[in-house]
>>> print(open('work36.txt').read())   # compact mmCIF, C-alpha atoms
# COMPACT_ATOMS: atom_id res chain seq x y z
CA MET A 1 -5.60 -17.76 7.70
CA ASP A 2 -3.95 -16.34 10.80
CA LEU A 3 -2.54 -13.06 9.51
CA ILE A 4 -5.79 -11.70 8.12
CA LYS A 5 -9.42 -12.02 9.20
CA THR A 6 -12.24 -12.34 6.69
CA GLU A 7 -16.00 -12.07 7.07
CA THR A 8 -18.78 -11.77 4.50
CA ILE A 9 -21.85 -9.73 5.49
CA ASP A 10 -24.65 -8.84 3.07
CA ARG A 11 -22.49 -9.76 0.05
CA VAL A 12 -19.59 -7.57 1.23
CA LEU A 13 -16.24 -9.21 2.02
CA TYR A 14 -14.45 -7.59 4.97
CA VAL A 15 -10.71 -8.28 5.02
CA LYS A 16 -8.84 -7.18 8.14
CA LEU A 17 -5.06 -7.24 8.54
CA ASN A 18 -4.46 -9.12 11.78
CA ARG A 19 -1.02 -8.43 13.25
CA PRO A 20 -2.02 -5.63 15.65
CA GLU A 21 1.03 -6.12 17.88
CA LEU A 22 3.20 -5.18 14.86
CA ARG A 23 0.87 -2.49 13.52
CA ASN A 24 -0.15 -4.98 10.83
CA ALA A 25 3.26 -4.83 9.18
CA PHE A 26 3.27 -7.37 6.37
CA ASN A 27 5.57 -10.31 5.74
CA PRO A 28 5.66 -12.86 2.89
CA GLU A 29 2.94 -14.99 4.50
CA MET A 30 0.55 -12.06 4.89
CA ILE A 31 1.25 -10.95 1.32
CA LYS A 32 0.30 -14.41 0.06
CA GLU A 33 -2.87 -14.47 2.17
CA ILE A 34 -4.02 -11.05 0.94
CA THR A 35 -3.33 -11.95 -2.69
CA LYS A 36 -5.23 -15.24 -2.35
CA VAL A 37 -8.29 -13.71 -0.69
CA VAL A 38 -8.51 -10.83 -3.16
CA SER A 39 -8.09 -13.17 -6.14
CA GLU A 40 -10.85 -15.43 -4.82
CA ALA A 41 -13.13 -12.41 -4.35
CA SER A 42 -12.92 -11.72 -8.09
CA ASN A 43 -14.39 -15.14 -8.77
CA ASP A 44 -17.29 -14.77 -6.33
CA ASP A 45 -20.29 -13.65 -8.40
CA GLU A 46 -22.33 -12.79 -5.31
CA LEU A 47 -19.95 -10.22 -3.83
CA ARG A 48 -20.71 -6.53 -4.23
CA ALA A 49 -17.63 -5.01 -2.54
CA LEU A 50 -14.44 -5.73 -0.60
CA VAL A 51 -13.43 -3.64 2.42
CA LEU A 52 -9.79 -3.72 3.58
CA SER A 53 -8.91 -2.52 7.09
CA GLY A 54 -6.48 -3.17 9.93
CA GLU A 55 -6.85 -4.55 13.45
CA GLY A 56 -5.47 -2.58 16.40
CA PRO A 57 -3.91 0.91 16.51
CA ALA A 58 -2.83 1.19 12.85
CA PHE A 59 -3.92 0.21 9.37
CA CYS A 60 -0.46 -0.97 8.31
CA ALA A 61 3.13 0.06 9.02
CA GLY A 62 4.53 -1.44 5.79
CA ALA A 63 7.03 -4.30 5.85
CA ASP A 64 7.86 -5.81 9.24
CA LEU A 65 11.40 -5.78 10.70
CA ASN A 66 12.13 -9.48 10.27
CA TYR A 67 11.04 -9.25 6.64
CA MET A 68 13.36 -6.26 6.16
CA LYS A 69 16.23 -8.10 7.86
CA SER A 70 15.90 -10.95 5.38
CA MET A 71 16.06 -8.48 2.47
CA VAL A 72 19.49 -7.22 3.54
CA ASP A 73 21.13 -10.50 2.57
CA TYR A 74 19.10 -11.16 -0.58
CA SER A 75 20.82 -11.29 -3.96
CA VAL A 76 19.53 -9.15 -6.83
CA ALA A 77 17.63 -12.16 -8.19
CA GLU A 78 16.08 -12.91 -4.79
CA ASN A 79 15.11 -9.27 -4.35
CA ARG A 80 13.55 -9.23 -7.80
CA LYS A 81 11.49 -12.35 -7.08
CA ASP A 82 10.39 -10.98 -3.70
CA SER A 83 9.35 -7.66 -5.26
CA GLU A 84 7.35 -9.39 -7.97
CA VAL A 85 5.26 -11.16 -5.31
CA LEU A 86 4.62 -7.79 -3.66
CA PHE A 87 3.63 -6.24 -7.00
CA ASP A 88 1.22 -9.12 -7.60
CA MET A 89 -0.58 -8.34 -4.32
CA PHE A 90 -1.15 -4.73 -5.32
CA TYR A 91 -2.12 -5.76 -8.83
CA ALA A 92 -4.67 -8.27 -7.52
CA LEU A 93 -6.35 -5.44 -5.60
CA LYS A 94 -6.15 -3.06 -8.54
CA THR A 95 -7.76 -5.55 -10.94
CA CYS A 96 -10.21 -7.16 -8.50
CA ASP A 97 -13.58 -7.54 -10.23
CA VAL A 98 -15.51 -6.10 -7.28
CA PRO A 99 -15.14 -2.53 -5.95
CA THR A 100 -12.47 -2.28 -3.25
CA ILE A 101 -12.46 0.13 -0.31
CA ALA A 102 -9.61 0.85 2.13
CA SER A 103 -10.68 1.91 5.63
CA LEU A 104 -7.72 3.66 7.26
CA HIS A 105 -6.65 4.74 10.73
CA GLY A 106 -3.49 5.24 12.78
CA TYR A 107 -0.44 4.90 10.54
CA VAL A 108 -0.17 4.04 6.85
CA MET A 109 3.51 3.66 6.00
CA GLY A 110 5.71 2.57 3.09
CA GLY A 111 4.29 -0.37 1.20
CA ALA A 112 0.90 0.04 2.91
CA LEU A 113 0.38 3.00 0.59
CA GLY A 114 0.46 0.53 -2.28
CA LEU A 115 -2.60 -1.18 -0.78
CA VAL A 116 -4.37 2.17 -0.49
CA SER A 117 -3.47 3.23 -4.03
CA ALA A 118 -4.62 -0.09 -5.48
CA CYS A 119 -8.10 0.25 -3.95
CA ASP A 120 -10.90 2.04 -5.79
CA LEU A 121 -11.89 4.13 -2.77
CA ALA A 122 -10.34 4.95 0.59
CA VAL A 123 -11.68 6.66 3.69
CA ALA A 124 -9.39 7.70 6.54
CA HIS A 125 -9.84 8.84 10.11
CA LYS A 126 -8.86 12.50 10.30
CA GLU A 127 -5.89 11.74 12.59
CA THR A 128 -4.34 9.14 10.25
CA GLN A 129 -0.67 9.72 9.41
CA PHE A 130 0.94 8.68 6.11
CA CYS A 131 4.52 8.39 4.84
CA PHE A 132 6.33 7.12 1.76
CA SER A 133 9.36 6.26 3.88
CA GLU A 134 11.51 4.32 1.39
CA VAL A 135 14.07 6.98 0.39
CA LYS A 136 14.97 7.44 4.07
CA LEU A 137 16.33 3.90 3.89
CA GLY A 138 18.31 4.39 0.70
CA ILE A 139 15.78 2.49 -1.42
CA ALA A 140 12.83 3.62 -3.57
CA PRO A 141 9.03 3.32 -3.47
CA ALA A 142 9.44 1.49 -6.76
CA VAL A 143 6.91 -1.34 -6.64
CA ILE A 144 4.09 0.88 -5.39
CA SER A 145 4.90 3.74 -7.79
CA PRO A 146 2.67 2.69 -10.74
CA PHE A 147 -0.31 2.46 -8.38
CA VAL A 148 0.45 5.72 -6.56
CA ILE A 149 1.13 7.72 -9.72
CA ARG A 150 -2.09 6.53 -11.37
CA LYS A 151 -4.03 7.44 -8.24
CA THR A 152 -2.64 10.83 -7.20
CA LEU A 153 -1.81 14.28 -8.55
CA PRO A 154 1.71 15.10 -9.83
CA GLN A 155 2.24 17.85 -7.25
CA PHE A 156 1.42 15.28 -4.56
CA TYR A 157 3.60 12.34 -5.58
CA ASN A 158 6.49 14.53 -6.74
CA ARG A 159 6.67 15.94 -3.24
CA TYR A 160 5.95 13.03 -0.93
CA LEU A 161 7.69 10.22 -2.83
CA LEU A 162 10.90 12.27 -2.90
CA THR A 163 10.88 13.92 0.54
CA ALA A 164 9.54 11.03 2.67
CA GLU A 165 7.68 13.62 4.78
CA MET A 166 4.88 12.51 7.06
CA PHE A 167 1.57 13.87 5.79
CA SER A 168 -1.96 14.08 7.14
CA ALA A 169 -5.26 12.64 6.00
CA LYS A 170 -6.16 16.14 4.80
CA GLU A 171 -3.09 16.21 2.52
CA ALA A 172 -3.82 12.66 1.33
CA PHE A 173 -7.32 13.77 0.36
CA LYS A 174 -6.10 16.90 -1.44
CA GLY A 175 -3.58 14.81 -3.38
CA GLY A 176 -6.16 12.26 -4.50
CA LEU A 177 -4.76 9.32 -2.50
CA ILE A 178 -7.96 8.93 -0.47
CA SER A 179 -11.59 9.73 -1.24
CA ALA A 180 -12.89 10.96 2.13
CA VAL A 181 -11.84 11.96 5.67
CA GLY A 182 -13.78 12.06 8.92
CA ASN A 183 -13.96 11.32 12.61
CA ASP A 184 -15.03 7.86 13.80
CA SER A 185 -18.75 8.31 13.23
CA GLU A 186 -18.32 10.19 9.94
CA LYS A 187 -15.92 7.55 8.65
CA ASP A 188 -18.41 4.79 9.47
CA GLU A 189 -21.25 6.64 7.75
CA ILE A 190 -19.17 7.24 4.62
CA LEU A 191 -18.25 3.56 4.45
CA LYS A 192 -21.90 2.50 4.91
CA LYS A 193 -23.01 4.93 2.19
CA TRP A 194 -20.54 3.57 -0.36
CA ILE A 195 -21.42 -0.04 0.45
CA LYS A 196 -25.14 0.72 0.10
CA LYS A 197 -24.52 2.24 -3.32
CA PHE A 198 -22.60 -0.84 -4.49
CA GLN A 199 -25.39 -3.08 -3.19
CA GLN A 200 -28.02 -1.05 -5.05
CA ASN A 201 -26.18 -0.71 -8.35
CA GLY A 202 -26.25 -3.38 -11.05
CA ARG A 203 -23.69 -6.06 -10.17
CA ARG A 204 -22.67 -6.78 -13.74
CA ALA A 205 -22.66 -3.09 -14.64
CA VAL A 206 -20.29 -2.23 -11.80
CA ARG A 207 -17.89 -5.04 -12.71
CA ALA A 208 -18.01 -4.10 -16.39
CA THR A 209 -17.27 -0.48 -15.49
CA LYS A 210 -14.24 -1.55 -13.43
CA THR A 211 -12.93 -3.52 -16.40
CA LEU A 212 -13.52 -0.53 -18.67
CA VAL A 213 -11.64 1.80 -16.33
CA SER A 214 -8.68 -0.58 -16.26
CA TYR A 215 -8.69 -0.73 -20.05
CA VAL A 216 -8.77 3.05 -20.38
CA GLU A 217 -5.86 3.29 -17.94
CA GLU A 218 -3.81 1.19 -20.39
CA GLN A 219 -3.79 -1.96 -18.33
CA SER A 220 -1.69 -3.63 -21.05
CA LYS A 221 1.34 -1.69 -19.77
CA TRP A 222 1.17 -3.04 -16.22
CA LEU A 223 3.49 -5.96 -16.86
CA ASP A 224 6.12 -3.69 -18.40
CA GLN A 225 5.95 -1.56 -15.26
CA LYS A 226 6.24 -4.64 -13.08
CA SER A 227 9.50 -5.54 -14.83
CA GLU A 228 11.04 -2.08 -14.46
CA THR A 229 9.91 -1.29 -10.91
CA THR A 230 11.00 -4.62 -9.46
CA LYS A 231 14.40 -4.23 -11.17
CA VAL A 232 14.87 -0.77 -9.60
CA ILE A 233 14.08 -1.91 -6.07
CA ALA A 234 16.16 -5.09 -6.36
CA ASP A 235 19.21 -3.11 -7.53
CA LEU A 236 18.79 -0.51 -4.80
CA ARG A 237 18.40 -3.04 -2.01
CA VAL A 238 21.76 -4.62 -2.79
CA SER A 239 23.55 -1.30 -3.44
CA SER A 240 25.92 0.08 -0.81
CA GLU A 241 23.51 2.92 -0.02
CA GLY A 242 20.51 0.61 0.22
CA GLN A 243 22.42 -1.80 2.46
CA GLU A 244 23.53 1.06 4.72
CA GLY A 245 20.03 2.51 4.86
CA LEU A 246 18.35 -0.77 5.72
CA ARG A 247 21.01 -1.77 8.26
CA SER A 248 20.97 1.63 9.98
CA PHE A 249 17.18 1.41 10.30
CA LEU A 250 17.35 -2.09 11.75
CA GLU A 251 20.19 -1.07 14.09
CA LYS A 252 18.31 2.10 15.14
CA ARG A 253 21.08 4.50 14.16
CA LYS A 254 21.49 7.30 11.64
CA PRO A 255 22.66 6.28 8.16
CA SER A 256 26.18 7.32 7.21
CA TRP A 257 25.03 10.02 4.78
CA ILE A 258 23.23 11.88 7.58
CA VAL A 259 26.26 11.58 9.89
CA GLU A 260 28.49 12.93 7.11
CA ARG A 261 26.07 15.79 6.41
CA GLU A 262 25.90 16.75 10.07
CA GLY A 263 29.72 16.72 10.23
CA LYS A 264 29.95 19.08 7.26
CA ASP A 265 27.30 21.39 8.71
CA ALA A 266 29.17 21.56 12.01
CA LYS A 267 32.32 22.74 10.21
CA ASN A 268 30.52 25.45 8.26
>>> encode(input="work36.txt", output="C-alpha cells")
Amino acid sequence: MDLIKTETIDRVLYVKLNRPELRNAFNPEMIKEITKVVSEASNDDELRALVLSGEGPAFCAGADLNYMKSMVDYSVAENRKDSEVLFDMFYALKTCDVPTIASLHGYVMGGALGLVSACDLAVAHKETQFCFSEVKLGIAPAVISPFVIRKTLPQFYNRYLLTAEMFSAKEAFKGGLISAVGNDSEKDEILKKWIKKFQQNGRRAVRATKTLVSYVEEQSKWLDQKSETTKVIADLRVSSEGQEGLRSFLEKRKPSWIVEREGKDAKN
C-alpha cells in the first residue's frame, strides 16, 4: 500500500496517511486502502487499538484536486456510487471492533472531519485548524453529517457545518469533535495513556462495549442515512451551483454568487 503506511507495535495498529506533498488529501485509491486496512483490523483478535494519523505538515486536507476535478463531470449515478464508497470508509472506522484514535495536527479539512468523527477518540495539537468547507463550494457536508452529528453538540455543528468557518482545536474540543488538545509532548502523553488503558482493559470487554454503544446509537438506521446523504451530495454536485462552486475552486477564482453579492454591495 503506497498511500498509507501501517505498523503494528505492542498489539496497536498505527495507520498513517502517506501523501504529505498533498497534505494527505484522499483520492479513490487511498479511500479503498483505508477501508481495507480498517476492515482487516476488526478481524484481528490480537489488536487492542488503531491509531490514525497523517505524514507531513497536515493530518488531511480532504479530497485532492484531481479527485475533485473528476467529480465535476460525474453523472448523478456516478456521484452517488462515489459517495457510497466514501461513506463506507467512515462507516468501517465507526464500526471497527477495536478502539480507534485520531491523532491530529496541521489542517483537518472537509471530508477529513468524517475520519475524525468516525473515530472513538481524537487528540489534536493545539495549533490544528479545522473547517467543514463544503458549502463554500456549493455542495454539502452530506456524507460525513451522520458521523459529525452523532459526535458533536448541536450548537457546534449548526454553526460550523453551515458557515464553513475555520475553527481551532479549542473549539473542536468544546464542541465534542475531539477528546483532548495539547502541545507536542502533551499530545504524545495523552495518546500513550489511552493506548495503555486499552492494553490493560479486557480485550473482549472493550469490543463488546463498542458493539453495545453502536447498538444504543441505533446502528440499524445507518444504511437509511447512507441512502439519503449520498443522494443529497450527488444531486448537489451536478447542480448548477455545485458545478460553479467546484469549478471556481479548481480555477482559483471566486464563485459567481460572491461576485454578484460584491456587485450589489458596491451599489448600495
>>> residues_around(input="work36.txt", residues="Ala164 of chain A", least_positions_apart="6", cutoff="10 Å", atoms="only C-alpha atoms", output="ChimeraX atom specification")
/A:110,130-137,141
>>> atom_distance(input="work36.txt", atom1="atom CA of Asp45 of chain A", atom2="atom CA of Arg203 of chain A")
8.5 Å
>>> atom_distance(input="work36.txt", atom1="atom CA of Thr35 of chain A", atom2="atom CA of Leu246 of chain A")
25.8 Å
>>> residues_near_point(input="work36.txt", point="(3.0, -7.8, -12.0)", cutoff="8 Å", atoms="all atoms listed in the file", output="PyMOL selection string")
chain A and resi 84-85+87-88+91+222-223+225-227
>>> atom_distance(input="work36.txt", atom1="atom CA of Gly106 of chain A", atom2="atom CA of Leu250 of chain A")
22.1 Å
>>> closest_residue(input="work36.txt", among="A:Val72, A:Ala140, A:Leu17, A:Val238", to="Ile31 of chain A", atoms="only C-alpha atoms")
A:Leu17
>>> closest_atom_pairs(input="work36.txt", of="segment 46-97 of chain A", to="segment 205-219 of chain A", cutoff="9 Å", atoms="all atoms listed in the file", output="JSON lines")
{"residue": "A:Arg48", "atom": "CA", "partner": "A:Val206", "partner_atom": "CA", "distance": 8.7}
{"residue": "A:Lys94", "atom": "CA", "partner": "A:Ser214", "partner_atom": "CA", "distance": 8.5}
{"residue": "A:Thr95", "atom": "CA", "partner": "A:Ser214", "partner_atom": "CA", "distance": 7.3}
{"residue": "A:Cys96", "atom": "CA", "partner": "A:Lys210", "partner_atom": "CA", "distance": 8.5}
{"residue": "A:Asp97", "atom": "CA", "partner": "A:Arg207", "partner_atom": "CA", "distance": 5.6}
>>> closest_residue(input="work36.txt", among="A:Lys170, A:Lys192, A:Lys231, A:Lys197", to="Asp82 of chain A", atoms="only C-alpha atoms")
A:Lys231
>>> residues_around(input="work36.txt", residues="Ser75 of chain A", least_positions_apart="4", cutoff="9 Å", atoms="all atoms listed in the file", output="ChimeraX atom specification")
/A:71,79-80,234,237-238
>>> residues_near_point(input="work36.txt", point="(-8.7, -10.5, 9.8)", cutoff="7 Å", atoms="only C-alpha atoms", output="list in words")
Leu3, Ile4, Lys5, Thr6, Val15, Lys16, Leu17 and Asn18 of chain A
>>> residues_around(input="work36.txt", residues="Arg19 of chain A", least_positions_apart="5", cutoff="12 Å", atoms="all atoms listed in the file", output="JSON, numbers by chain")
{"A": [1, 2, 3, 4, 5, 24, 25, 26, 27, 29, 30, 53, 54, 55, 56, 57, 58, 59, 60, 61, 62, 63, 64]}
